[in-house]
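**Student:** Quick one: the structure is below, questions incoming.
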Amino acid sequence: MARMNEDAQWIVLMGFIVSFSFFFLAMILNQATVVGQTTAESVLDFPKNDVRDVKAVIIQSSSVPTDADFRTDLQSIALSRKNAVVNYSVTLPNPPADIHTYINIHYNNGVTLYDEMWASL
Amino acid sequence: MVDCDGQLYTIEGVSAGLIMLLTAYIVLGGTSIYTPGDTHISDMQLEQLGSDALRMMNTPVNGTMTESPLQSMIETNNGAGFTTTFLNYCNNMTGSHAENLQFSASVTYRNINDGQIESYPLAASRNLTGGEHAVKVTEWVIADKKFTGSNVQKNRAALVEVLLWRG
């Protein structure tokens with residue numbers, strides 16, 4: 001029986017390496033869908049617009065006449081529709097000692113906790 | 001009897017076996033997602049578009065301390081004006097084609113009498129059938145209005161909620 005031809009072992013070895021590389025590239029490609037989905041989900045879950053919006057309306061409320069009903073409106077609607085606990089306190093300017101308005105904003109929807117102290121210019 | 005023939009075939013066999021085992025492992029152990037992977041990405045973009053449109057509508061003209069267009073739409077219950085402006089902001093695109101976004105908007109307020117959170121419809125460009133794949137965008141508004149349950153007109157916080165979908 002003829003001996004097996006042992007030429008070109010390097011070429012065959014390279015063939016193995018290339019096929020393994022393709023295999024792992026395919027695995028990485030396979031993850032792309034999941035990565036896109038989870039990234040978009042994270043962006044959807046993060047309440048960026050809610051936080052900005054709450055901040056904007058609270059700052060705006062400091063320059064128009066509001067009473068306790070306004071605060072209750074804000075807090076109960078946020079709790080009911082956004083599952084978010086919102087609280088804030090406004091320190092109005094005290095001229096001439098201090099001409100700034102200070103607002104403390106607290107936002108917590110159970111996943112994202114946000115606190116800010118805002119000061120007017 | 002052991003000899004050294006066929007080593008390459010052995011290596012090939014072992015490699016092929018490994019690849020098949022790994023494939024089986026990954027296929028069986030992998031997570032399958034049966035929704036198109038792009039859905040969430042377009043949802044995210046739609047949500048951002050709607051939020052931006054509402055924010056533009058809630059910005060006073062020329063940056064003055066007057067009421068924003070959205071505020072006066074809530075106060076006067078101007079659903080037609082809301083429809084026009086909102087669709088204009090959402091559907092405009094560069095080029096000659098317009099986007100085909102539809103919406104259904106409502107206003108959420110607190111009934112002072114019983115403390116309940118209530119909503120009333122503000123405007124809709126199309127009726128909801130339940131089959132839409134909609135996203136929800138919201139905007140807080142300070143409205144100088146006598147909401148249901150209130151006897152005096154004063155500044156109240158209300159939430160404009162818009163369901164937005166590609167029609």
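Ligands are numbered from 1 in the order shown, residues from 1 within each chain, and chains are lettered A, B, ... in the order they appear in the structure tokens.
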Which neighbours of Leu79 (chain A) fall inside 12 Å, counting only C-alpha atoms, when residues of the same chain fewer than 5 positions from it are skipped, and could you give them as a PyMOL selection string?
**Tutor:** (chain A and resi 72-74+84-87+107-110) or (chain B and resi 110+116-117+159)
**Student:** Can I get the selection written as a PDB file, in the first residue's frame, with N, CA and C atoms?
**Tutor:**
ATOM      1  N   THR A  72     -49.142  69.752  43.259  1.00  0.00           N
ATOM      2  CA  THR A  72     -49.838  68.469  43.362  1.00  0.00           C
ATOM      3  C   THR A  72     -50.135  67.900  41.979  1.00  0.00           C
ATOM      4  N   ASP A  73     -50.535  68.781  41.051  1.00  0.00           N
ATOM      5  CA  ASP A  73     -50.752  68.340  39.669  1.00  0.00           C
ATOM      6  C   ASP A  73     -49.522  67.616  39.149  1.00  0.00           C
ATOM      7  N   LEU A  74     -48.404  68.316  39.262  1.00  0.00           N
ATOM      8  CA  LEU A  74     -47.158  67.804  38.694  1.00  0.00           C
ATOM      9  C   LEU A  74     -46.788  66.464  39.331  1.00  0.00           C
ATOM     10  N   ALA A  84     -43.086  58.021  38.163  1.00  0.00           N
ATOM     11  CA  ALA A  84     -41.903  58.734  38.640  1.00  0.00           C
ATOM     12  C   ALA A  84     -42.259  59.597  39.844  1.00  0.00           C
ATOM     13  N   VAL A  85     -41.382  59.548  40.840  1.00  0.00           N
ATOM     14  CA  VAL A  85     -41.526  60.425  41.998  1.00  0.00           C
ATOM     15  C   VAL A  85     -40.790  61.718  41.683  1.00  0.00           C
ATOM     16  N   VAL A  86     -41.521  62.804  41.689  1.00  0.00           N
ATOM     17  CA  VAL A  86     -40.905  64.095  41.376  1.00  0.00           C
ATOM     18  C   VAL A  86     -41.094  65.011  42.570  1.00  0.00           C
ATOM     19  N   ASN A  87     -40.043  65.669  42.949  1.00  0.00           N
ATOM     20  CA  ASN A  87     -40.162  66.671  44.001  1.00  0.00           C
ATOM     21  C   ASN A  87     -39.245  67.830  43.646  1.00  0.00           C
ATOM     22  N   TYR A 107     -35.888  63.521  40.804  1.00  0.00           N
ATOM     23  CA  TYR A 107     -36.656  62.654  39.898  1.00  0.00           C
ATOM     24  C   TYR A 107     -36.210  61.227  40.126  1.00  0.00           C
ATOM     25  N   ASN A 108     -37.162  60.328  40.325  1.00  0.00           N
ATOM     26  CA  ASN A 108     -36.818  58.922  40.519  1.00  0.00           C
ATOM     27  C   ASN A 108     -37.926  58.055  39.961  1.00  0.00           C
ATOM     28  N   ASN A 109     -37.624  57.283  38.939  1.00  0.00           N
ATOM     29  CA  ASN A 109     -38.662  56.390  38.401  1.00  0.00           C
ATOM     30  C   ASN A 109     -38.371  54.934  38.717  1.00  0.00           C
ATOM     31  N   GLY A 110     -37.545  54.719  39.706  1.00  0.00           N
ATOM     32  CA  GLY A 110     -37.264  53.350  40.122  1.00  0.00           C
ATOM     33  C   GLY A 110     -36.058  52.761  39.426  1.00  0.00           C
TER      34      GLY A 110
ATOM     35  N   ARG B 110     -55.286  66.800  36.569  1.00  0.00           N
ATOM     36  CA  ARG B 110     -55.775  66.277  37.843  1.00  0.00           C
ATOM     37  C   ARG B 110     -57.093  66.947  38.175  1.00  0.00           C
ATOM     38  N   GLN B 116     -58.411  62.643  41.201  1.00  0.00           N
ATOM     39  CA  GLN B 116     -58.175  61.636  40.166  1.00  0.00           C
ATOM     40  C   GLN B 116     -57.419  62.234  38.990  1.00  0.00           C
ATOM     41  N   ILE B 117     -56.610  61.382  38.364  1.00  0.00           N
ATOM     42  CA  ILE B 117     -55.931  61.797  37.141  1.00  0.00           C
ATOM     43  C   ILE B 117     -56.837  61.447  35.965  1.00  0.00           C
ATOM     44  N   LEU B 159     -50.319  67.269  31.303  1.00  0.00           N
ATOM     45  CA  LEU B 159     -49.402  66.462  30.507  1.00  0.00           C
ATOM     46  C   LEU B 159     -50.067  66.169  29.168  1.00  0.00           C
TER      47      LEU B 159
END
**Student:** Select all residues from chain B having any atom no more than 8 Å from an atom of chain A (counting only C-alpha atoms, ignoring ligands), output as a PyMOL selection string.
**Tutor:** chain B and resi 5-6+8+12+15+19+33+37-41+44+51+108-110+112+117+138-142+154-159
**Student:** Between CA of Phe103 (chain B) and CA of Gln153 (chain B), what is the distance in Å, rounded to a tenth?
**Tutor:**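 Result for CA of Phe103 (chain B) versus CA of Gln153 (chain B): 28.9 Å, one decimal.
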**Student:** Got a sec to tell me which of chain A DSSP assigns to strand (DSSP E or B), as a PyMOL selection string?
**Tutor:** chain A and resi 85-91+94+98+102-108+113-119
**Student:** Residues of the last selection are to be written out with C-alpha atoms, as a PDB file, in the first residue's frame.
**Tutor:**
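Result file follows (out-v2.pdb):
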ATOM      1  CA  VAL A  85     -41.526  60.425  41.998  1.00  0.00           C
ATOM      2  CA  VAL A  86     -40.905  64.095  41.376  1.00  0.00           C
ATOM      3  CA  ASN A  87     -40.162  66.671  44.001  1.00  0.00           C
ATOM      4  CA  TYR A  88     -38.724  70.141  43.846  1.00  0.00           C
ATOM      5  CA  SER A  89     -38.132  73.234  45.876  1.00  0.00           C
ATOM      6  CA  VAL A  90     -37.793  76.755  44.611  1.00  0.00           C
ATOM      7  CA  THR A  91     -35.784  79.429  46.374  1.00  0.00           C
ATOM      8  CA  ASN A  94     -33.638  87.762  47.641  1.00  0.00           C
ATOM      9  CA  ASP A  98     -28.826  87.335  46.073  1.00  0.00           C
ATOM     10  CA  TYR A 102     -32.333  78.222  43.051  1.00  0.00           C
ATOM     11  CA  ILE A 103     -34.309  75.126  42.228  1.00  0.00           C
ATOM     12  CA  ASN A 104     -33.712  71.641  43.581  1.00  0.00           C
ATOM     13  CA  ILE A 105     -35.152  68.947  41.379  1.00  0.00           C
ATOM     14  CA  HIS A 106     -35.557  65.321  42.360  1.00  0.00           C
ATOM     15  CA  TYR A 107     -36.656  62.654  39.898  1.00  0.00           C
ATOM     16  CA  ASN A 108     -36.818  58.922  40.519  1.00  0.00           C
ATOM     17  CA  LEU A 113     -32.485  58.572  39.823  1.00  0.00           C
ATOM     18  CA  TYR A 114     -31.789  62.181  38.987  1.00  0.00           C
ATOM     19  CA  ASP A 115     -31.081  65.123  41.256  1.00  0.00           C
ATOM     20  CA  GLU A 116     -30.168  68.577  40.197  1.00  0.00           C
ATOM     21  CA  MET A 117     -29.687  71.965  41.736  1.00  0.00           C
ATOM     22  CA  TRP A 118     -30.416  74.548  39.128  1.00  0.00           C
ATOM     23  CA  ALA A 119     -29.428  78.174  39.541  1.00  0.00           C
TER      24      ALA A 119
END
**Student:** If DSSP is run on the backbone, what residues of chain B are helix (DSSP H, G or I)? A reply as an MDAnalysis selection string would be ideal.
**Tutor:** chainID B and resid 7:29 39:57 61:63 69:76 79:91
**Student:** Which neighbours of Asn111 (chain B) fall inside 8 Å, counting only C-alpha atoms, when residues of the same chain fewer than 4 positions from it are skipped, and could you give them as a PyMOL selection string?
**Tutor:** chain B and resi 115-118+147-150
**Student:** Kindly indicate which residue among B:Ser72, B:Asn91, B:Leu101, B:Trp165 lies nearest to Gly131 (chain B), using only C-alpha atoms for the distances.
**Tutor:**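 So, comparing all the options, the nearest one is B:Trp165.
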**Student:** Please, what distance in Å, to one decimal, runs between CA of Pro121 (chain B) and CA of Ile74 (chain B)?
**Tutor:** 10.8 Å
**Student:** Taking into account only C-alpha atoms, which residue in the set B:Val137, B:Gly81, B:Asp43, B:Val61 is nearest to Val160 (chain B)?
**Tutor:**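 Among B:Val137, B:Gly81, B:Asp43, B:Val61, it is B:Val137 that comes nearest to Val160 (chain B).
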